[in-house]
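K.L.:
Data file protein-v5.cif (mmCIF, C-alpha atoms and all ligand atoms) is appended below.
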```
data_query
#
loop_
_atom_site.group_PDB
_atom_site.id
_atom_site.type_symbol
_atom_site.label_atom_id
_atom_site.label_comp_id
_atom_site.auth_asym_id
_atom_site.auth_seq_id
_atom_site.Cartn_x
_atom_site.Cartn_y
_atom_site.Cartn_z
ATOM 1 C CA MET A 25 49.018 123.285 53.402
ATOM 2 C CA SER A 26 50.523 120.384 51.562
ATOM 3 C CA THR A 27 53.672 118.894 53.015
ATOM 4 C CA ASP A 28 54.756 117.762 49.549
ATOM 5 C CA ASN A 29 54.899 121.202 48.034
ATOM 6 C CA LEU A 30 57.414 123.868 48.904
ATOM 7 C CA LEU A 31 56.351 126.708 46.656
ATOM 8 C CA THR A 32 53.144 127.569 44.834
ATOM 9 C CA VAL A 33 53.456 130.199 42.143
ATOM 10 C CA SER A 34 50.200 131.461 40.636
ATOM 11 C CA ASP A 35 49.642 133.713 37.628
ATOM 12 C CA PHE A 36 52.946 135.471 38.273
ATOM 13 C CA SER A 37 53.591 138.344 35.875
ATOM 14 C CA VAL A 38 56.442 140.837 35.571
ATOM 15 C CA VAL A 39 56.598 143.815 33.238
ATOM 16 C CA TYR A 40 59.593 146.051 32.511
ATOM 17 C CA ASP A 41 57.956 149.438 32.483
ATOM 18 C CA VAL A 42 59.879 150.861 29.540
ATOM 19 C CA ASP A 43 58.574 152.202 26.250
ATOM 20 C CA PRO A 44 57.125 149.999 24.879
ATOM 21 C CA PRO A 45 56.668 147.834 28.009
ATOM 22 C CA VAL A 46 58.249 144.363 28.007
ATOM 23 C CA GLU A 47 56.051 141.581 29.364
ATOM 24 C CA ALA A 48 58.960 139.469 30.566
ATOM 25 C CA VAL A 49 56.995 136.969 32.686
ATOM 26 C CA ARG A 50 53.373 136.196 31.842
ATOM 27 C CA ASP A 51 50.885 134.342 34.016
ATOM 28 C CA VAL A 52 53.397 131.813 35.261
ATOM 29 C CA THR A 53 51.861 129.084 37.399
ATOM 30 C CA PHE A 54 53.675 126.079 38.849
ATOM 31 C CA THR A 55 54.275 124.164 42.050
ATOM 32 C CA LEU A 56 57.700 123.216 43.295
ATOM 33 C CA ARG A 57 57.818 120.001 45.284
ATOM 34 C CA ARG A 58 59.806 119.574 48.425
ATOM 35 C CA GLY A 59 63.236 118.140 47.606
ATOM 36 C CA GLU A 60 62.925 118.254 43.831
ATOM 37 C CA ILE A 61 65.235 119.783 41.265
ATOM 38 C CA LEU A 62 63.112 121.767 38.845
ATOM 39 C CA GLY A 63 64.925 122.839 35.713
ATOM 40 C CA LEU A 64 63.895 126.070 34.029
ATOM 41 C CA ALA A 65 64.788 125.962 30.357
ATOM 42 C CA GLY A 66 64.333 128.306 27.453
ATOM 43 C CA GLU A 67 66.165 130.541 25.041
ATOM 44 C CA SER A 68 67.941 133.690 26.053
ATOM 45 C CA GLY A 69 65.447 136.449 26.814
ATOM 46 C CA CYS A 70 62.483 134.180 27.574
ATOM 47 C CA GLY A 71 62.247 135.471 31.136
ATOM 48 C CA LYS A 72 64.013 132.857 33.281
ATOM 49 C CA THR A 73 66.138 135.280 35.274
ATOM 50 C CA THR A 74 63.299 137.753 35.652
ATOM 51 C CA LEU A 75 61.103 135.007 37.096
ATOM 52 C CA ALA A 76 63.808 133.879 39.550
ATOM 53 C CA TYR A 77 64.566 137.410 40.703
ATOM 54 C CA GLY A 78 60.855 138.166 40.886
ATOM 55 C CA LEU A 79 60.230 135.209 43.194
ATOM 56 C CA GLN A 80 63.012 136.435 45.482
ATOM 57 C CA ARG A 81 61.728 140.009 45.159
ATOM 58 C CA LEU A 82 65.139 141.089 43.914
ATOM 59 C CA LEU A 83 63.868 143.021 40.894
ATOM 60 C CA ARG A 84 64.454 146.746 40.683
ATOM 61 C CA PRO A 85 62.636 149.368 38.574
ATOM 62 C CA PRO A 86 61.699 149.445 35.765
ATOM 63 C CA ALA A 87 60.640 145.879 36.639
ATOM 64 C CA VAL A 88 57.178 145.653 38.205
ATOM 65 C CA ILE A 89 55.421 142.535 39.482
ATOM 66 C CA THR A 90 52.015 143.227 37.967
ATOM 67 C CA ALA A 91 50.084 140.167 39.064
ATOM 68 C CA GLY A 92 50.206 136.858 40.812
ATOM 69 C CA SER A 93 51.490 135.363 43.992
ATOM 70 C CA ALA A 94 54.219 133.114 45.317
ATOM 71 C CA VAL A 95 53.510 131.200 48.507
ATOM 72 C CA PHE A 96 56.267 129.373 50.352
ATOM 73 C CA HIS A 97 55.134 126.380 52.408
ATOM 74 C CA ASP A 98 57.571 126.457 55.287
ATOM 75 C CA GLU A 99 58.662 123.175 56.846
ATOM 76 C CA GLY A 100 57.360 124.568 60.132
ATOM 77 C CA GLY A 101 53.844 124.469 58.653
ATOM 78 C CA ALA A 102 53.311 128.166 57.910
ATOM 79 C CA ASP A 103 52.361 129.444 54.466
ATOM 80 C CA ILE A 104 54.407 132.522 53.660
ATOM 81 C CA ASP A 105 53.043 134.874 51.019
ATOM 82 C CA LEU A 106 56.233 136.354 49.594
ATOM 83 C CA ASN A 107 54.504 139.445 48.238
ATOM 84 C CA ALA A 108 53.238 140.277 51.710
ATOM 85 C CA LEU A 109 56.639 140.282 53.449
ATOM 86 C CA THR A 110 58.258 143.584 54.400
ATOM 87 C CA GLU A 111 61.704 144.338 52.921
ATOM 88 C CA ARG A 112 63.291 143.337 56.212
ATOM 89 C CA GLU A 113 61.389 140.060 56.451
ATOM 90 C CA MET A 114 62.267 139.362 52.840
ATOM 91 C CA ARG A 115 65.995 139.869 53.510
ATOM 92 C CA GLN A 116 65.814 137.371 56.331
ATOM 93 C CA PHE A 117 63.794 134.983 54.186
ATOM 94 C CA ARG A 118 66.338 135.120 51.374
ATOM 95 C CA TRP A 119 69.313 133.567 53.113
ATOM 96 C CA ASP A 120 67.396 131.606 55.639
ATOM 97 C CA LYS A 121 64.669 129.837 53.683
ATOM 98 C CA ALA A 122 65.625 130.391 50.053
ATOM 99 C CA SER A 123 69.097 131.258 48.860
ATOM 100 C CA MET A 124 70.381 132.060 45.419
ATOM 101 C CA VAL A 125 73.514 131.302 43.431
ATOM 102 C CA PHE A 126 73.859 133.178 40.182
ATOM 103 C CA GLN A 127 76.321 133.022 37.321
ATOM 104 C CA GLY A 128 78.655 135.797 38.374
ATOM 105 C CA ALA A 129 78.296 134.958 42.062
ATOM 106 C CA MET A 130 81.932 134.021 42.443
ATOM 107 C CA ASN A 131 82.832 137.589 41.564
ATOM 108 C CA ALA A 132 80.560 138.867 44.302
ATOM 109 C CA LEU A 133 82.910 137.599 47.019
ATOM 110 C CA ASN A 134 84.630 140.342 48.964
ATOM 111 C CA PRO A 135 88.204 140.418 47.592
ATOM 112 C CA VAL A 136 89.789 141.646 50.821
ATOM 113 C CA MET A 137 88.202 139.178 53.204
ATOM 114 C CA ALA A 138 89.179 135.535 53.747
ATOM 115 C CA VAL A 139 86.424 133.189 52.611
ATOM 116 C CA GLY A 140 86.000 131.737 56.107
ATOM 117 C CA ARG A 141 85.230 135.214 57.428
ATOM 118 C CA GLN A 142 82.625 135.716 54.709
ATOM 119 C CA ILE A 143 80.800 132.554 55.747
ATOM 120 C CA ASP A 144 81.189 133.602 59.367
ATOM 121 C CA ASP A 145 79.532 136.938 58.572
ATOM 122 C CA ILE A 146 76.375 135.253 57.319
ATOM 123 C CA LEU A 147 76.210 133.067 60.408
ATOM 124 C CA SER A 148 76.817 135.907 62.858
ATOM 125 C CA THR A 149 74.182 138.078 61.164
ATOM 126 C CA HIS A 150 71.481 135.456 60.893
ATOM 127 C CA ARG A 151 72.316 133.213 63.845
ATOM 128 C CA PRO A 152 73.225 135.689 66.570
ATOM 129 C CA GLY A 153 72.975 132.974 69.213
ATOM 130 C CA MET A 154 75.864 131.022 67.706
ATOM 131 C CA GLY A 155 79.203 131.301 69.471
ATOM 132 C CA ARG A 156 82.437 132.114 67.654
ATOM 133 C CA GLY A 157 83.813 128.570 67.951
ATOM 134 C CA GLU A 158 80.583 127.084 66.682
ATOM 135 C CA ARG A 159 80.596 129.448 63.698
ATOM 136 C CA ARG A 160 84.167 128.567 62.863
ATOM 137 C CA ALA A 161 83.380 124.856 63.043
ATOM 138 C CA GLN A 162 80.347 125.381 60.829
ATOM 139 C CA ALA A 163 82.321 127.360 58.235
ATOM 140 C CA ALA A 164 84.943 124.603 58.128
ATOM 141 C CA GLU A 165 82.245 121.983 57.749
ATOM 142 C CA LEU A 166 80.618 123.910 54.894
ATOM 143 C CA LEU A 167 83.889 124.253 52.982
ATOM 144 C CA ASP A 168 84.411 120.498 53.356
ATOM 145 C CA LEU A 169 80.875 119.825 52.143
ATOM 146 C CA VAL A 170 81.307 121.707 48.890
ATOM 147 C CA GLY A 171 84.701 120.177 48.197
ATOM 148 C CA VAL A 172 86.815 123.263 48.827
ATOM 149 C CA GLY A 173 88.207 121.901 52.081
ATOM 150 C CA ARG A 174 88.599 123.512 55.473
ATOM 151 C CA ASP A 175 92.254 124.277 54.870
ATOM 152 C CA ARG A 176 90.990 127.120 52.652
ATOM 153 C CA LEU A 177 89.230 128.965 55.476
ATOM 154 C CA ARG A 178 91.927 131.631 55.493
ATOM 155 C CA SER A 179 92.266 131.908 51.728
ATOM 156 C CA TYR A 180 91.314 135.059 49.898
ATOM 157 C CA PRO A 181 89.144 134.820 46.775
ATOM 158 C CA HIS A 182 92.054 135.617 44.416
ATOM 159 C CA GLU A 183 93.915 132.583 45.762
ATOM 160 C CA LEU A 184 91.135 130.298 44.545
ATOM 161 C CA SER A 185 90.179 129.152 41.046
ATOM 162 C CA GLY A 186 86.823 130.182 39.543
ATOM 163 C CA GLY A 187 85.379 126.755 40.317
ATOM 164 C CA MET A 188 86.535 126.972 43.931
ATOM 165 C CA ARG A 189 85.071 130.455 44.302
ATOM 166 C CA GLN A 190 81.756 129.299 42.929
ATOM 167 C CA ARG A 191 81.813 126.410 45.437
ATOM 168 C CA VAL A 192 82.420 128.931 48.212
ATOM 169 C CA MET A 193 79.292 130.757 47.030
ATOM 170 C CA ILE A 194 77.388 127.475 47.183
ATOM 171 C CA ALA A 195 78.722 126.953 50.730
ATOM 172 C CA MET A 196 77.435 130.416 51.629
ATOM 173 C CA ALA A 197 74.071 129.665 50.063
ATOM 174 C CA LEU A 198 73.937 126.465 52.148
ATOM 175 C CA ALA A 199 75.074 128.087 55.373
ATOM 176 C CA LEU A 200 71.631 128.551 56.896
ATOM 177 C CA THR A 201 70.314 125.211 55.537
ATOM 178 C CA PRO A 202 67.670 126.771 53.294
ATOM 179 C CA GLN A 203 64.732 124.791 51.984
ATOM 180 C CA LEU A 204 65.174 126.213 48.492
ATOM 181 C CA MET A 205 68.186 127.096 46.374
ATOM 182 C CA ILE A 206 67.630 129.072 43.206
ATOM 183 C CA MET A 207 70.553 128.599 40.859
ATOM 184 C CA ASP A 208 70.790 130.780 37.775
ATOM 185 C CA GLU A 209 73.434 129.455 35.370
ATOM 186 C CA PRO A 210 75.629 128.648 38.384
ATOM 187 C CA THR A 211 78.285 126.797 36.430
ATOM 188 C CA THR A 212 78.074 128.386 32.987
ATOM 189 C CA ALA A 213 81.331 130.326 33.295
ATOM 190 C CA LEU A 214 83.276 127.218 34.313
ATOM 191 C CA ASP A 215 84.935 124.570 32.191
ATOM 192 C CA VAL A 216 83.009 121.396 31.541
ATOM 193 C CA LEU A 217 84.836 119.122 33.991
ATOM 194 C CA VAL A 218 84.536 121.558 36.876
ATOM 195 C CA GLN A 219 80.909 122.111 35.900
ATOM 196 C CA ARG A 220 80.223 118.379 36.122
ATOM 197 C CA GLU A 221 81.875 118.012 39.509
ATOM 198 C CA ILE A 222 79.894 120.903 40.930
ATOM 199 C CA LEU A 223 76.636 119.559 39.532
ATOM 200 C CA ARG A 224 77.311 116.170 41.084
ATOM 201 C CA GLN A 225 77.994 117.909 44.350
ATOM 202 C CA ILE A 226 74.749 119.884 44.205
ATOM 203 C CA SER A 227 72.911 116.662 43.532
ATOM 204 C CA ASP A 228 74.608 114.927 46.503
ATOM 205 C CA LEU A 229 73.928 117.854 48.805
ATOM 206 C CA ARG A 230 70.304 117.843 47.759
ATOM 207 C CA GLU A 231 70.112 114.138 48.713
ATOM 208 C CA GLN A 232 71.750 114.878 52.015
ATOM 209 C CA PHE A 233 69.765 117.957 53.036
ATOM 210 C CA GLY A 234 66.537 117.539 51.092
ATOM 211 C CA PHE A 235 66.314 121.124 49.816
ATOM 212 C CA SER A 236 64.566 121.928 46.544
ATOM 213 C CA VAL A 237 66.374 123.523 43.637
ATOM 214 C CA ILE A 238 65.159 125.749 40.835
ATOM 215 C CA PHE A 239 67.961 125.349 38.326
ATOM 216 C CA ILE A 240 68.044 127.831 35.480
ATOM 217 C CA THR A 241 70.050 127.327 32.335
ATOM 218 C CA HIS A 242 69.668 127.508 28.596
ATOM 219 C CA ASP A 243 71.599 124.206 28.521
ATOM 220 C CA LEU A 244 68.770 121.722 28.030
ATOM 221 C CA PRO A 245 70.956 118.581 27.827
ATOM 222 C CA LEU A 246 72.365 119.459 31.244
ATOM 223 C CA LEU A 247 68.880 119.969 32.658
ATOM 224 C CA LEU A 248 67.730 116.617 31.315
ATOM 225 C CA GLU A 249 70.508 115.044 33.278
ATOM 226 C CA ILE A 250 70.039 116.692 36.661
ATOM 227 C CA SER A 251 66.372 117.696 36.907
ATOM 228 C CA ASP A 252 63.420 115.772 38.265
ATOM 229 C CA ARG A 253 61.068 117.976 36.276
ATOM 230 C CA ILE A 254 61.640 120.632 33.644
ATOM 231 C CA ALA A 255 59.640 123.748 32.884
ATOM 232 C CA VAL A 256 60.134 125.098 29.380
ATOM 233 C CA MET A 257 59.699 128.840 29.050
ATOM 234 C CA ARG A 258 58.987 130.785 25.934
ATOM 235 C CA GLU A 259 58.282 134.489 25.651
ATOM 236 C CA GLY A 260 57.548 134.798 29.335
ATOM 237 C CA ARG A 261 55.244 131.792 29.632
ATOM 238 C CA ILE A 262 55.774 128.231 30.787
ATOM 239 C CA VAL A 263 54.692 126.282 27.726
ATOM 240 C CA GLU A 264 55.390 122.813 29.092
ATOM 241 C CA LEU A 265 56.218 121.339 32.484
ATOM 242 C CA ASP A 266 56.855 117.642 32.909
ATOM 243 C CA THR A 267 59.329 115.078 34.197
ATOM 244 C CA ALA A 268 62.726 115.212 32.535
ATOM 245 C CA GLU A 269 61.973 111.809 31.061
ATOM 246 C CA ASN A 270 58.711 112.921 29.483
ATOM 247 C CA ILE A 271 60.219 116.140 28.208
ATOM 248 C CA TYR A 272 62.909 114.090 26.527
ATOM 249 C CA HIS A 273 60.813 111.225 25.204
ATOM 250 C CA HIS A 274 57.342 112.633 24.831
ATOM 251 C CA ALA A 275 57.599 116.389 24.519
ATOM 252 C CA ARG A 276 54.092 117.610 23.750
ATOM 253 C CA HIS A 277 54.791 121.166 22.779
ATOM 254 C CA GLU A 278 56.175 121.902 19.348
ATOM 255 C CA TYR A 279 58.484 124.525 20.846
ATOM 256 C CA THR A 280 59.991 121.987 23.301
ATOM 257 C CA ARG A 281 60.710 119.636 20.401
ATOM 258 C CA ARG A 282 62.364 122.439 18.481
ATOM 259 C CA LEU A 283 64.424 123.376 21.515
ATOM 260 C CA LEU A 284 65.524 119.752 21.980
ATOM 261 C CA GLY A 285 66.366 119.620 18.302
ATOM 262 C CA SER A 286 68.639 122.627 18.583
ATOM 263 C CA PHE A 287 71.191 120.759 20.695
ATOM 264 C CA PRO A 288 73.578 118.701 18.546
ATOM 265 C CA SER A 289 74.251 116.276 21.414
ATOM 266 C CA LEU A 290 70.556 115.372 21.432
ATOM 267 C CA THR A 291 70.053 115.040 17.708
ATOM 268 C CA GLY A 292 70.958 112.549 15.043
ATOM 269 C CA GLU A 293 72.990 113.143 11.919
ATOM 270 C CA ARG A 294 70.111 114.576 9.955
ATOM 271 C CA GLY A 295 69.453 117.110 12.647
ATOM 272 C CA GLY A 296 66.160 115.554 13.700
ATOM 273 C CA PHE A 297 65.521 114.735 17.317
ATOM 274 C CA VAL A 298 66.528 111.174 18.104
ATOM 275 C CA ARG A 299 64.643 109.535 20.909
ATOM 276 C CA GLY A 300 66.910 107.472 23.108
ATOM 277 C CA ALA A 301 66.213 104.708 25.593
ATOM 278 C CA HIS A 302 66.426 105.018 29.319
ATOM 279 C CA ASP A 303 68.998 102.866 31.015
ATOM 280 C CA ASP A 304 68.681 101.408 34.511
ATOM 281 C CA ASP A 305 69.992 104.281 36.574
ATOM 282 C CA GLY A 306 67.643 106.708 34.917
ATOM 283 C CA ALA A 307 70.246 108.465 32.788
ATOM 284 C CA VAL A 308 69.023 109.433 29.363
ATOM 285 C CA ALA A 309 70.736 107.596 26.550
ATOM 286 C CA VAL A 310 71.095 109.711 23.467
ATOM 287 C CA ALA A 311 72.716 109.487 20.087
ATOM 288 C CA GLY A 312 76.420 109.659 20.709
ATOM 289 C CA GLY A 313 76.387 108.397 24.271
ATOM 290 C CA THR A 314 74.816 108.813 27.652
ATOM 291 C CA ILE A 315 74.456 112.297 29.013
HETATM 292 N N1 LIG A 401 66.055 146.239 32.738
HETATM 293 C C1 LIG A 401 65.319 145.827 31.712
HETATM 294 N N2 LIG A 401 64.590 146.695 30.992
HETATM 295 C C2 LIG A 401 63.837 146.303 29.966
HETATM 296 N N3 LIG A 401 63.732 145.009 29.544
HETATM 297 C C3 LIG A 401 64.430 144.097 30.203
HETATM 298 C C4 LIG A 401 65.265 144.436 31.315
HETATM 299 N N4 LIG A 401 65.848 143.297 31.775
HETATM 300 C C5 LIG A 401 65.399 142.290 30.985
HETATM 301 N N5 LIG A 401 64.548 142.758 30.043
HETATM 302 C C6 LIG A 401 63.831 141.976 29.025
HETATM 303 O O1 LIG A 401 63.030 141.016 29.672
HETATM 304 C C7 LIG A 401 62.993 139.809 28.921
HETATM 305 C C8 LIG A 401 63.408 138.651 29.795
HETATM 306 O O2 LIG A 401 64.776 138.743 30.141
HETATM 307 P P1 LIG A 401 65.505 137.708 31.111
HETATM 308 O O3 LIG A 401 66.880 138.220 31.352
HETATM 309 O O4 LIG A 401 64.638 137.436 32.275
HETATM 310 O O5 LIG A 401 65.567 136.395 30.198
HETATM 311 P P2 LIG A 401 66.440 135.087 30.380
HETATM 312 O O6 LIG A 401 65.611 133.985 29.865
HETATM 313 O O7 LIG A 401 66.925 134.987 31.778
HETATM 314 O O8 LIG A 401 67.635 135.344 29.395
HETATM 315 P P3 LIG A 401 69.191 134.992 29.573
HETATM 316 O O9 LIG A 401 69.281 133.503 29.508
HETATM 317 O O10 LIG A 401 69.823 135.679 28.411
HETATM 318 O O11 LIG A 401 69.592 135.575 30.909
HETATM 319 C C9 LIG A 401 63.906 140.030 27.730
HETATM 320 O O12 LIG A 401 63.092 140.410 26.636
HETATM 321 C C10 LIG A 401 64.777 141.179 28.153
HETATM 322 O O13 LIG A 401 65.187 141.938 27.053
#
```
Would you give me this structure, written as C-alpha cells?

P.N.:
Amino acid sequence: MSTDNLLTVSDFSVVYDVDPPVEAVRDVTFTLRRGEILGLAGESGCGKTTLAYGLQRLLRPPAVITAGSAVFHDEGGADIDLNALTEREMRQFRWDKASMVFQGAMNALNPVMAVGRQIDDILSTHRPGMGRGERRAQAAELLDLVGVGRDRLRSYPHELSGGMRQRVMIAMALALTPQLMIMDEPTTALDVLVQREILRQISDLREQFGFSVIFITHDLPLLLEISDRIAVMREGRIVELDTAENIYHHARHEYTRRLLGSFPSLTGERGGFVRGAHDDDGAVAVAGGTI
C-alpha cells in the first residue's frame, strides 16, 4: 500500500447494455493522490458521470461494469476493493469514506425536514455512538464550516437560496469526514459569484481536512484554476492526465488543445490557444486576465 495514493483505478470499463451497446467508459486507469483535487474534463457525453457513478457503484441497469477494478487505500492502512464490497458495505463506504455531491443535489434535500435534522440523520445512522447533544453541536459546526451558519439549523430547504442549499449538501457530504469527495458539476446551476465562493470554500476545506476531490465539469477554465491535476476524457477514455499547469501550457494531446481552444476565455482574438505565463501564486494568467 502506498500512503500517497488514495485510489487506484485500473482498466475500468462500463457499458450501457442497450442496442447497440454504448461503451461509455473504456479501460480507464489512473491513481488519485491523497489530498489532491483531480479535475475530470471532457465534452458532454464523454463518460465523466458514468465513471464517477461507476466508482461509487451507483450505476443501475442497463449500465454494467464490464472490466477493471477500483481499490481504495484507506487511511487505516487497508486496501478496499470496491467491486468486492457487498451492497451494505458499499452504502456504509459511500458516506463514510467517499461522499458525492452532484449537480442537482440541492434538490435532493427533504423539503419537509429542517436542514439541521437532515445532517443529524446522517450522524445518527452512521455514528450510533454519538449522543444527541454531540450531533447537534456537530451539525452546527458543519453549517458554519460551509458558510451557511448555525443559525440556519432550523431552516427548511425552501427558506434557503440555491447556493445555500448546495452548501448544505456539501456539509452533509463532509459530515463523516470522508477521505474522498466526488463532485459532479456541483456548482453548475449556480450564478458565477456564488459558484466562486463555493469553490473557494471547497478548496479551503480540502486544505483543512486533507480529503481528495474528483471534480467533474465540462468547464475547463474552472478546472485549470482549482485542480492539482486534470484528466481529459474523450469517448470514454482518459486521453491525457497531467498537472493543471502542464495541461494548460504543454498539452500533448491534440484533443486537449482543441478543448482548450474551445473556451473563449482561454483563447486569443484569432481563436487560437494563447499560452499565458504563470504568476507567483500559481494562478494561470490568460489572455484577458487571470482566471
Ligand atoms: N441509461 C443510459 N442508456 C444508454 N446510454 C447511456 C445511458 N446513460 C448515459 N449513456 C451514454 O453514455 C455515454 C456517457 O454519458 P455520461 O453521462 O457519463 O457523460 P458525461 O461526460 O457525464 O456527460 P454530461 O457532461 O453531459 O453529463 C453517453 O454516450 C451517453 O449517451

K.L.:
8 Å from ligand LIG 401 (chain A) is the threshold here; counting all atoms listed in the file, which polymer residues fall inside it? Answer as a ChimeraX atom specification.

P.N.:
/A:39-42,45-49,66-75,85-87,241-242,257,259-260

K.L.:
Produce a file of the selected residues containing C-alpha atoms, as a PDB file, in the frame of the given file.

P.N.:
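Heads up, here's the output in result_30.pdb:
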```pdb
ATOM      1  CA  VAL A  39      56.598 143.815  33.238  1.00  0.00           C
ATOM      2  CA  TYR A  40      59.593 146.051  32.511  1.00  0.00           C
ATOM      3  CA  ASP A  41      57.956 149.438  32.483  1.00  0.00           C
ATOM      4  CA  VAL A  42      59.879 150.861  29.540  1.00  0.00           C
ATOM      5  CA  PRO A  45      56.668 147.834  28.009  1.00  0.00           C
ATOM      6  CA  VAL A  46      58.249 144.363  28.007  1.00  0.00           C
ATOM      7  CA  GLU A  47      56.051 141.581  29.364  1.00  0.00           C
ATOM      8  CA  ALA A  48      58.960 139.469  30.566  1.00  0.00           C
ATOM      9  CA  VAL A  49      56.995 136.969  32.686  1.00  0.00           C
ATOM     10  CA  GLY A  66      64.333 128.306  27.453  1.00  0.00           C
ATOM     11  CA  GLU A  67      66.165 130.541  25.041  1.00  0.00           C
ATOM     12  CA  SER A  68      67.941 133.690  26.053  1.00  0.00           C
ATOM     13  CA  GLY A  69      65.447 136.449  26.814  1.00  0.00           C
ATOM     14  CA  CYS A  70      62.483 134.180  27.574  1.00  0.00           C
ATOM     15  CA  GLY A  71      62.247 135.471  31.136  1.00  0.00           C
ATOM     16  CA  LYS A  72      64.013 132.857  33.281  1.00  0.00           C
ATOM     17  CA  THR A  73      66.138 135.280  35.274  1.00  0.00           C
ATOM     18  CA  THR A  74      63.299 137.753  35.652  1.00  0.00           C
ATOM     19  CA  LEU A  75      61.103 135.007  37.096  1.00  0.00           C
ATOM     20  CA  PRO A  85      62.636 149.368  38.574  1.00  0.00           C
ATOM     21  CA  PRO A  86      61.699 149.445  35.765  1.00  0.00           C
ATOM     22  CA  ALA A  87      60.640 145.879  36.639  1.00  0.00           C
ATOM     23  CA  THR A 241      70.050 127.327  32.335  1.00  0.00           C
ATOM     24  CA  HIS A 242      69.668 127.508  28.596  1.00  0.00           C
ATOM     25  CA  MET A 257      59.699 128.840  29.050  1.00  0.00           C
ATOM     26  CA  GLU A 259      58.282 134.489  25.651  1.00  0.00           C
ATOM     27  CA  GLY A 260      57.548 134.798  29.335  1.00  0.00           C
TER      28      GLY A 260
END
```

K.L.:
Env of A:Arg118: 12 Å cut, atoms = all atoms listed in the file, seq-sep filter 2 positions within chain, self excluded. Answer as a PDB file with C-alpha atoms, keeping the file's coordinate frame.

P.N.:
```
ATOM      1  CA  TYR A  77      64.566 137.410  40.703  1.00  0.00           C
ATOM      2  CA  LEU A  79      60.230 135.209  43.194  1.00  0.00           C
ATOM      3  CA  GLN A  80      63.012 136.435  45.482  1.00  0.00           C
ATOM      4  CA  ARG A  81      61.728 140.009  45.159  1.00  0.00           C
ATOM      5  CA  LEU A  82      65.139 141.089  43.914  1.00  0.00           C
ATOM      6  CA  PHE A  96      56.267 129.373  50.352  1.00  0.00           C
ATOM      7  CA  LEU A 106      56.233 136.354  49.594  1.00  0.00           C
ATOM      8  CA  LEU A 109      56.639 140.282  53.449  1.00  0.00           C
ATOM      9  CA  GLU A 111      61.704 144.338  52.921  1.00  0.00           C
ATOM     10  CA  ARG A 112      63.291 143.337  56.212  1.00  0.00           C
ATOM     11  CA  GLU A 113      61.389 140.060  56.451  1.00  0.00           C
ATOM     12  CA  MET A 114      62.267 139.362  52.840  1.00  0.00           C
ATOM     13  CA  ARG A 115      65.995 139.869  53.510  1.00  0.00           C
ATOM     14  CA  GLN A 116      65.814 137.371  56.331  1.00  0.00           C
ATOM     15  CA  ASP A 120      67.396 131.606  55.639  1.00  0.00           C
ATOM     16  CA  LYS A 121      64.669 129.837  53.683  1.00  0.00           C
ATOM     17  CA  ALA A 122      65.625 130.391  50.053  1.00  0.00           C
ATOM     18  CA  SER A 123      69.097 131.258  48.860  1.00  0.00           C
ATOM     19  CA  MET A 124      70.381 132.060  45.419  1.00  0.00           C
ATOM     20  CA  VAL A 125      73.514 131.302  43.431  1.00  0.00           C
ATOM     21  CA  ILE A 146      76.375 135.253  57.319  1.00  0.00           C
ATOM     22  CA  HIS A 150      71.481 135.456  60.893  1.00  0.00           C
ATOM     23  CA  ALA A 197      74.071 129.665  50.063  1.00  0.00           C
ATOM     24  CA  LEU A 198      73.937 126.465  52.148  1.00  0.00           C
ATOM     25  CA  ALA A 199      75.074 128.087  55.373  1.00  0.00           C
ATOM     26  CA  LEU A 200      71.631 128.551  56.896  1.00  0.00           C
ATOM     27  CA  THR A 201      70.314 125.211  55.537  1.00  0.00           C
ATOM     28  CA  PRO A 202      67.670 126.771  53.294  1.00  0.00           C
ATOM     29  CA  GLN A 203      64.732 124.791  51.984  1.00  0.00           C
ATOM     30  CA  LEU A 204      65.174 126.213  48.492  1.00  0.00           C
ATOM     31  CA  MET A 205      68.186 127.096  46.374  1.00  0.00           C
ATOM     32  CA  ILE A 206      67.630 129.072  43.206  1.00  0.00           C
TER      33      ILE A 206
END
```

K.L.:
In terms of the shortest atom-to-atom distance over only C-alpha atoms, which of A:Glu183, A:Glu264, A:Asp228, A:Asp103 is closest to A:Tyr279?

P.N.:
A:Glu264

K.L.:
By how many Å are atom CA of A:Ala268 and atom CA of A:Ser227 apart?

P.N.:
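Result for atom CA of A:Ala268 versus atom CA of A:Ser227: 15.1 Å, one decimal.
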
K.L.:
Expanded to explicit residues, what is the PyMOL selection byres (((chain A and resi 226) around 12) and not hetatm) for this file, as a short mmCIF file (atom, residue, chain, number, x, y, z; two decimals) with C-alpha atoms, in the coordinates of the input?

P.N.:
```
data_model
loop_
_atom_site.label_atom_id
_atom_site.label_comp_id
_atom_site.auth_asym_id
_atom_site.auth_seq_id
_atom_site.Cartn_x
_atom_site.Cartn_y
_atom_site.Cartn_z
CA GLU A 60 62.92 118.25 43.83
CA ILE A 61 65.24 119.78 41.26
CA VAL A 125 73.51 131.30 43.43
CA LEU A 169 80.88 119.82 52.14
CA VAL A 170 81.31 121.71 48.89
CA GLY A 171 84.70 120.18 48.20
CA GLN A 190 81.76 129.30 42.93
CA ARG A 191 81.81 126.41 45.44
CA ILE A 194 77.39 127.48 47.18
CA ALA A 195 78.72 126.95 50.73
CA ALA A 197 74.07 129.66 50.06
CA LEU A 198 73.94 126.46 52.15
CA MET A 205 68.19 127.10 46.37
CA ILE A 206 67.63 129.07 43.21
CA MET A 207 70.55 128.60 40.86
CA PRO A 210 75.63 128.65 38.38
CA THR A 211 78.28 126.80 36.43
CA GLN A 219 80.91 122.11 35.90
CA ARG A 220 80.22 118.38 36.12
CA GLU A 221 81.88 118.01 39.51
CA ILE A 222 79.89 120.90 40.93
CA LEU A 223 76.64 119.56 39.53
CA ARG A 224 77.31 116.17 41.08
CA GLN A 225 77.99 117.91 44.35
CA SER A 227 72.91 116.66 43.53
CA ASP A 228 74.61 114.93 46.50
CA LEU A 229 73.93 117.85 48.80
CA ARG A 230 70.30 117.84 47.76
CA GLU A 231 70.11 114.14 48.71
CA GLN A 232 71.75 114.88 52.02
CA PHE A 233 69.76 117.96 53.04
CA GLY A 234 66.54 117.54 51.09
CA PHE A 235 66.31 121.12 49.82
CA SER A 236 64.57 121.93 46.54
CA VAL A 237 66.37 123.52 43.64
CA ILE A 238 65.16 125.75 40.84
CA PHE A 239 67.96 125.35 38.33
CA ILE A 250 70.04 116.69 36.66
CA SER A 251 66.37 117.70 36.91
#
```
